[in-house]
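Containing mmCIF, C-alpha atoms: entry18.cif.
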```
data_final
loop_
_atom_site.label_atom_id
_atom_site.label_comp_id
_atom_site.auth_asym_id
_atom_site.auth_seq_id
_atom_site.Cartn_x
_atom_site.Cartn_y
_atom_site.Cartn_z
CA MET W 4 47.89 184.18 76.89
CA LYS W 5 46.36 180.98 78.14
CA LYS W 6 45.00 180.62 81.60
CA GLU W 7 46.25 177.78 83.80
CA GLY W 8 42.73 176.40 84.23
CA GLU W 9 42.26 176.20 80.49
CA ILE W 10 45.40 174.05 80.04
CA LEU W 11 44.34 171.74 82.88
CA GLN W 12 40.87 171.38 81.40
CA LYS W 13 42.30 170.42 77.99
CA THR W 14 44.73 167.94 79.51
CA VAL W 15 41.94 166.28 81.49
CA ILE W 16 39.83 165.98 78.34
CA TYR W 17 42.80 164.45 76.46
CA ILE W 18 43.42 161.91 79.22
CA ILE W 19 39.74 160.92 79.34
CA LEU W 20 39.62 160.51 75.57
CA ILE W 21 42.83 158.46 75.52
CA ALA W 22 41.55 156.21 78.31
CA LEU W 23 38.21 155.85 76.53
CA ILE W 24 39.70 154.83 73.18
CA LEU W 25 42.28 152.49 74.72
CA SER W 26 39.69 150.79 76.92
CA LEU W 27 37.42 150.40 73.91
CA PHE W 28 40.11 148.46 72.03
CA LEU W 29 41.09 146.52 75.13
CA PHE W 30 37.49 145.41 75.65
CA ALA W 31 37.27 144.47 71.97
CA ILE W 32 40.30 142.18 72.40
CA LEU W 33 38.96 140.73 75.65
CA GLY W 34 35.57 140.19 74.04
CA LYS W 35 37.18 138.36 71.16
CA SER W 36 39.28 136.14 73.41
CA ASN W 37 36.35 135.24 75.66
CA SER W 38 33.79 134.77 72.95
CA ASN W 39 32.02 131.44 72.54
CA ASP W 40 33.35 131.19 69.00
CA THR W 41 36.95 131.30 70.25
CA LYS W 42 36.14 128.75 72.95
CA ARG W 43 34.53 126.49 70.37
CA GLN W 44 37.57 126.82 68.11
CA LEU W 45 39.93 126.04 70.98
CA LEU W 46 37.99 122.95 72.06
CA GLU W 47 37.57 121.65 68.51
CA LYS W 48 41.23 122.13 67.67
CA GLN W 49 42.48 120.62 70.92
CA THR W 50 40.21 117.60 70.48
CA ALA W 51 41.18 117.25 66.80
CA LEU W 52 44.86 117.21 67.79
CA LEU W 53 44.16 114.55 70.42
CA ILE W 54 42.32 112.37 67.90
CA GLU W 55 45.05 112.83 65.27
CA SER W 56 47.80 111.78 67.64
CA SER W 57 45.90 108.93 69.31
CA PRO W 58 46.72 105.32 68.54
CA GLN W 59 44.03 102.69 68.02
CA ASN W 60 41.72 101.78 70.92
CA THR W 61 42.19 105.10 72.67
CA ILE W 62 39.39 106.51 74.78
CA LEU W 63 39.28 110.27 75.26
CA GLU W 64 37.11 111.76 77.99
CA LEU W 65 35.93 115.34 77.89
CA ASN W 66 34.20 116.83 80.91
CA ILE W 67 30.94 118.58 80.10
CA ASN W 68 31.86 121.41 82.44
CA ASN W 69 35.08 122.32 80.78
CA LEU W 70 37.58 125.11 81.39
CA ASN W 71 36.31 126.65 78.15
CA GLY W 72 32.67 126.51 79.16
CA GLU W 73 29.86 124.01 79.14
CA ILE W 74 29.97 121.51 76.31
CA ASN W 75 26.43 120.96 75.05
CA ASN W 76 27.12 118.48 72.30
CA ILE W 77 29.93 116.85 70.34
CA ARG W 78 29.41 115.51 66.84
CA ILE W 79 31.84 113.77 64.51
CA ASP W 80 30.81 113.76 60.90
CA ASN W 81 32.96 112.96 57.87
CA TYR W 82 36.27 113.50 59.66
CA LYS W 83 35.07 116.79 61.09
CA ILE W 84 34.49 117.52 64.75
CA PHE W 85 31.75 119.88 65.92
CA ILE W 86 31.59 121.01 69.55
CA ASP W 87 28.72 123.15 70.83
CA VAL W 88 29.84 125.33 73.75
CA ASN W 89 27.67 127.45 76.07
CA GLY W 90 24.65 127.02 73.81
CA PHE W 91 26.65 128.19 70.80
CA GLU W 92 26.11 125.72 67.97
CA SER W 93 29.16 124.79 65.93
CA LYS W 94 28.41 124.96 62.23
CA GLN W 95 31.90 125.12 60.78
CA GLY W 96 33.58 122.31 62.70
CA TYR W 97 37.23 121.41 62.41
CA PRO W 98 38.60 118.73 60.05
CA PHE W 99 40.94 116.09 61.41
CA PHE W 100 42.79 113.15 59.91
CA SER W 101 43.12 109.67 61.33
CA LYS W 102 43.86 106.10 60.39
CA TYR W 103 41.03 104.98 62.61
CA THR W 104 37.34 105.64 63.13
CA ALA W 105 36.37 108.06 65.86
CA THR W 106 32.97 107.80 67.53
CA VAL W 107 31.47 109.94 70.24
CA SER W 108 29.01 109.11 73.01
CA LYS W 109 27.68 110.91 76.08
CA ASP W 110 28.07 109.49 79.57
CA GLU W 111 25.24 111.21 81.45
CA ALA W 112 26.13 109.58 84.78
CA GLN W 113 29.69 110.84 84.79
CA ASN W 114 28.93 114.12 83.05
CA LYS W 115 31.38 113.36 80.28
CA PHE W 116 31.66 112.95 76.54
CA ILE W 117 33.61 109.87 75.46
CA ILE W 118 35.44 109.73 72.15
CA GLU W 119 36.50 106.25 71.13
CA ILE W 120 39.14 105.71 68.47
CA LYS W 121 38.70 102.24 66.97
CA MET G 13 43.46 189.16 71.46
CA ILE G 14 43.34 185.70 69.94
CA ASN G 15 46.36 184.70 67.93
CA LYS G 16 44.84 183.01 64.84
CA LYS G 17 48.11 181.36 63.74
CA ALA G 18 48.63 179.85 67.18
CA GLN G 19 45.02 178.65 67.23
CA SER G 20 45.27 176.89 63.87
CA GLY G 21 48.59 175.36 64.88
CA GLU G 22 47.04 174.05 68.04
CA SER G 23 44.13 172.42 66.23
CA LEU G 24 46.56 170.83 63.77
CA LEU G 25 48.53 169.48 66.71
CA MET G 26 45.33 168.07 68.17
CA ILE G 27 44.49 166.26 64.93
CA ILE G 28 48.00 164.77 64.86
CA ARG G 29 47.68 163.69 68.50
CA PHE G 30 44.36 161.97 67.86
CA SER G 31 45.58 160.30 64.69
CA LEU G 32 48.55 158.98 66.64
CA LEU G 33 46.29 157.78 69.42
CA ILE G 34 44.00 155.94 67.02
CA LEU G 35 47.03 154.44 65.27
CA ILE G 36 48.43 153.18 68.60
CA SER G 37 45.05 151.76 69.58
CA PHE G 38 44.73 149.90 66.28
CA ALA G 39 48.26 148.58 66.71
CA ILE G 40 47.35 147.23 70.18
CA TYR G 41 44.20 145.65 68.77
CA PHE G 42 46.01 143.98 65.87
CA ILE G 43 48.86 142.74 68.07
CA GLY G 44 46.23 141.22 70.37
CA ALA G 45 44.39 139.67 67.44
CA ILE G 46 47.61 138.22 65.97
CA TYR G 47 48.59 136.83 69.39
CA LEU G 48 45.19 135.18 69.74
CA ASP G 49 45.29 133.81 66.23
CA TYR G 50 48.82 132.45 66.75
CA ASN G 51 47.70 130.59 69.85
CA LEU G 52 44.70 129.19 68.02
CA ASN G 53 46.72 128.01 65.06
CA ILE G 54 47.56 124.31 65.24
CA LEU G 55 48.49 123.72 61.60
CA ASN G 56 52.21 123.29 62.32
CA THR G 57 51.46 120.72 65.01
CA GLU G 58 49.08 118.90 62.69
CA ALA G 59 51.70 118.87 59.94
CA GLY G 60 54.17 117.41 62.46
CA ILE G 61 51.79 114.66 63.55
CA LEU G 62 50.98 113.78 59.93
CA SER G 63 54.67 113.73 58.92
CA GLU G 64 55.44 111.31 61.73
CA ALA G 65 52.42 109.17 60.85
CA ILE G 66 53.51 108.95 57.20
CA THR G 67 57.10 108.13 58.19
CA GLU G 68 55.87 105.40 60.52
CA CYS G 69 53.66 104.05 57.76
CA ILE G 70 56.37 104.00 55.06
CA ALA G 71 59.15 102.83 57.34
CA PRO G 72 57.80 101.06 60.41
CA ASP G 73 60.62 100.78 62.95
CA ASN G 74 62.78 102.73 60.48
CA LYS G 75 62.81 99.91 57.97
CA ILE G 76 61.45 100.05 54.44
CA ASN G 77 60.47 96.62 53.19
CA ASN G 78 58.18 97.17 50.27
CA LEU G 79 59.36 100.22 48.38
CA GLU G 80 57.85 99.03 45.12
CA GLU G 81 54.41 98.79 46.62
CA ILE G 82 54.77 102.29 48.05
CA ASP G 83 56.07 103.63 44.76
CA GLN G 84 53.23 102.09 42.78
CA SER G 85 50.59 103.26 45.17
CA LYS G 86 48.56 106.02 43.55
CA ASN G 87 47.48 107.43 46.82
CA ILE G 88 49.97 106.82 49.61
CA LEU G 89 47.90 108.39 52.35
CA LYS G 90 44.55 106.86 51.58
CA ASP G 91 45.42 103.50 50.01
CA TYR G 92 48.72 102.61 51.58
CA CYS G 93 48.71 104.35 54.97
CA LYS G 94 44.91 104.29 55.41
CA ILE G 95 44.93 107.87 56.65
CA ASP G 96 41.72 109.72 55.90
CA GLY G 97 40.21 113.14 56.54
CA GLY G 98 42.06 116.37 57.18
CA LYS G 99 42.57 119.54 55.24
CA GLU G 100 44.10 120.24 51.88
CA LEU G 101 47.68 119.09 51.90
CA TYR G 102 50.89 119.43 50.00
CA ILE G 103 53.11 116.46 50.67
CA PHE G 104 56.51 115.48 49.43
CA ILE G 105 58.37 112.33 50.37
CA ASN G 106 62.02 112.01 49.42
CA LEU G 107 64.39 109.13 49.83
CA THR G 108 68.04 110.13 49.63
CA GLY G 109 71.34 108.28 50.02
CA TRP G 110 69.97 105.11 48.49
CA LYS G 111 71.05 104.60 44.88
CA ASP G 112 69.84 107.80 43.22
CA GLU G 113 67.63 110.23 44.96
CA VAL G 114 64.07 109.05 44.65
CA LEU G 115 61.12 111.31 44.80
CA LEU G 116 58.42 109.05 46.02
CA PHE G 117 55.58 111.41 46.18
CA LYS G 118 54.83 115.05 45.52
CA GLU G 119 51.48 116.60 45.11
CA ILE G 120 48.96 119.17 46.08
CA ALA G 121 45.84 117.45 47.11
CA PRO G 122 42.46 118.96 47.69
CA ILE G 123 40.12 117.17 50.04
CA ASN G 124 37.36 115.14 48.55
CA ARG G 125 35.36 113.54 51.24
CA GLU G 126 33.52 111.24 48.88
CA VAL G 127 36.62 109.63 47.48
CA GLY G 128 39.15 110.14 50.20
CA LEU G 129 41.87 112.50 51.19
CA ILE G 130 43.61 112.73 47.87
CA TYR G 131 41.83 112.24 44.61
CA ASP G 132 43.73 114.12 41.98
CA VAL G 133 47.45 114.43 41.49
CA GLN G 134 48.35 117.90 40.38
CA THR G 135 51.78 118.73 39.12
CA ASN G 136 51.44 122.47 39.45
CA THR G 137 53.12 123.40 42.71
CA LYS G 138 53.95 126.98 41.78
CA ASN G 139 51.51 128.60 44.13
CA ILE G 140 52.42 126.56 47.16
CA ASP G 141 54.18 129.41 48.97
CA LYS G 142 51.04 131.45 49.27
CA TYR G 143 49.72 128.92 51.75
CA GLY G 144 50.82 128.61 55.28
CA PRO G 145 51.77 128.54 57.98
CA GLY G 146 51.24 124.82 58.60
CA SER G 147 54.40 123.08 57.54
CA PHE G 148 56.74 120.48 58.90
CA ILE G 149 59.65 118.45 57.55
CA TYR G 150 60.52 115.17 59.19
CA TYR G 151 63.88 113.49 58.65
CA SER G 152 64.52 109.88 59.46
CA SER G 153 67.38 107.45 58.83
CA VAL G 154 65.99 104.24 57.46
CA THR G 155 67.23 100.81 56.51
CA MET G 156 66.25 99.41 53.16
CA ALA G 157 65.23 95.80 52.50
CA ASP G 158 68.75 95.07 51.15
CA ASN G 159 70.25 96.41 54.42
CA THR G 160 71.60 99.59 52.83
CA HIS G 161 70.90 102.86 54.58
CA ALA G 162 68.99 105.85 53.33
CA ASN G 163 67.49 109.07 54.57
CA LEU G 164 63.80 109.61 54.41
CA LYS G 165 62.48 113.12 54.24
CA VAL G 166 58.78 113.65 54.66
CA GLY G 167 57.46 117.16 54.23
CA VAL G 168 53.91 118.21 54.89
CA LYS G 169 52.35 121.57 54.22
CA ILE G 170 48.79 122.04 55.30
CA LEU G 171 46.96 124.39 53.04
CA SER G 172 44.44 126.37 54.94
CA ASN G 173 42.74 129.65 54.40
CA GLU G 174 41.27 129.92 57.87
#
```
Can you give me the file's structure in the form of structure tokens?
Amino acid sequence: MKKEGEILQKTVIYIILIALILSLFLFAILGKSNSNDTKRQLLEKQTALLIESSPQNTILELNINNLNGEINNIRIDNYKIFIDVNGFESKQGYPFFSKYTATVSKDEAQNKFIIEIK
Amino acid sequence: MINKKAQSGESLLMIIRFSLLILISFAIYFIGAIYLDYNLNILNTEAGILSEAITECIAPDNKINNLEEIDQSKNILKDYCKIDGGKELYIFINLTGWKDEVLLFKEIAPINREVGLIYDVQTNTKNIDKYGPGSFIYYSSVTMADNTHANLKVGVKILSNE
């Protein structure tokens, strides 16, 4: 016959193990959602959508200190946008389509990146 | 005295419990990953923007004036609409309710940045369903040059393996 203490001990071990495994997966999800790669993807895709839906002579301003982190650099090359966030260099980029030419410049004084659609 | 049958049953139960726990944890992880991926996916929106842009290009202010020019254009997006860039696309443009149904354009087009958005018309559209989920169909009532009415249907599927 089992002693009461033995059952309690086993239950406590189970609970600790369950909490440990669940927190491990939870942290994995949180890590993925807060990673620089996800932030880069978000920024690139949001900016690509803005460019795609913008008419001619539109000026888009992106704050360097963004909700998704600090934007280090924005490049537009061959209808692909690359945004470096929190020191994380974008290598993949995100392709966009447009009828117009998009150019990017940095406004140091206002701490902004300016995308012009001409 | 230790009951051996009870002991083996208990360890079996423990294995089942842990397997279940790991299964639940993986399920939570995958649901989280799918949720994140869904929120990061903008292909449907892009397909919508492109469909509207093509409709506006073919029928500005819902009026088609130069159907022949559109029909003869080898590359509607690049040559006629001047749209460049983007991902691989599958586009179909239908005009219904005007004489016979006219299929203006249908192709799978891989990106070629040197030449433009579409460089090779492929007739094989069998494998189109394996791509997704970026798709959008845009309907618009248009007036033809001879003042008859027609329905324009522009469908865009963005092919992406990301």
Go through chain W and flag each residue having an atom no more than 7 Å from chain G; for those, report the closest pair of atoms plus their distance in Å to one decimal, using all atoms listed in the file, ordered by chain and rising number, as JSON lines.
```
{"residue": "W:Leu25", "atom": "CA", "partner": "G:Ser37", "partner_atom": "CA", "distance": 5.9}
{"residue": "W:Phe28", "atom": "CA", "partner": "G:Tyr41", "partner_atom": "CA", "distance": 5.9}
{"residue": "W:Ile32", "atom": "CA", "partner": "G:Gly44", "partner_atom": "CA", "distance": 6.3}
{"residue": "W:Leu45", "atom": "CA", "partner": "G:Leu52", "partner_atom": "CA", "distance": 6.4}
{"residue": "W:Leu52", "atom": "CA", "partner": "G:Glu58", "partner_atom": "CA", "distance": 6.8}
{"residue": "W:Ser56", "atom": "CA", "partner": "G:Ile61", "partner_atom": "CA", "distance": 6.4}
{"residue": "W:Tyr82", "atom": "CA", "partner": "G:Gly97", "partner_atom": "CA", "distance": 5.0}
{"residue": "W:Pro98", "atom": "CA", "partner": "G:Gly98", "partner_atom": "CA", "distance": 5.1}
{"residue": "W:Phe99", "atom": "CA", "partner": "G:Gly98", "partner_atom": "CA", "distance": 4.4}
{"residue": "W:Phe100", "atom": "CA", "partner": "G:Gly97", "partner_atom": "CA", "distance": 4.2}
{"residue": "W:Ser101", "atom": "CA", "partner": "G:Ile95", "partner_atom": "CA", "distance": 5.3}
{"residue": "W:Lys102", "atom": "CA", "partner": "G:Ile95", "partner_atom": "CA", "distance": 4.3}
```
Of the candidates W:Thr106, W:Ser57, W:Ser36, W:Ser26, which one gets nearest to Ile84 in chain W if we count all atoms listed in the file?
->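 Using all atoms listed in the file, Ile84 in chain W sits closest to W:Thr106.
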Written as a list in words, what is the full residue list that the PyMOL selection byres ((chain G and resi 166) around 9) yields on the file shown?
->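 Taken over the shown coordinates, the PyMOL selection byres ((chain G and resi 166) around 9) returns Ser63, Glu64, Ile66, Thr67, Ile103, Phe104, Ile105, Asn106, Leu107, Phe148, Ile149, Tyr150, Tyr151, Ser152, Leu164, Lys165, Gly167 and Val168 of chain G.
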Work out how far apart CA of Glu47 in chain W and CA of Glu73 in chain W are and give it in Å to one decimal.
->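 Calculated distance between CA of Glu47 in chain W and CA of Glu73 in chain W is 13.3 Å.
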Between CA of Lys17 in chain G and CA of Gly8 in chain W, what is the distance, to one decimal in Å?
-> 21.8 Å
One decimal, Å: what's the distance from CA of Asn66 in chain W over to CA of Lys109 in chain W, could you say?
->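 Separation of CA of Asn66 in chain W and CA of Lys109 in chain W: 10.0 Å.
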Please define a box with edges along x, y and z of the file around all atoms of range 88-104 of chain W given in the file, extend it by 4 Å on each side, and return its centre and edge lengths in Å to one decimal, as JSON.
```
{"center_x": 34.3, "center_y": 116.6, "center_z": 68.0, "size_x": 27.2, "size_y": 31.2, "size_z": 24.2}
```
Looking at W:Ala112, W:Ile74, W:Ile67, W:Ala105, which one is nearest to Arg43 in chain W, with distances taken over all atoms listed in the file?
->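 Residue with the minimum atom-to-atom distance to Arg43 in chain W: W:Ile74.
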Evaluate the PyMOL selection byres ((chain W and resi 71) around 12) and report residues as a list in words |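 Selected by the PyMOL selection byres ((chain W and resi 71) around 12) in this file: Ser36, Asn37, Ser38, Asn39, Asp40, Thr41, Lys42, Arg43, Gln44, Leu45, Leu46, Glu47, Gln49, Leu65, Asn66, Ile67, Asn68, Asn69, Leu70, Gly72, Glu73, Ile74, Asn75, Ile86, Asp87, Val88 and Asn89 of chain W.
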For the structure shown, which residues end up in the PyMOL selection byres ((chain W and resi 120) around 8)? Put them as a ChimeraX atom specification, please?
-> /W:54,57-62,103-106,118-119,121
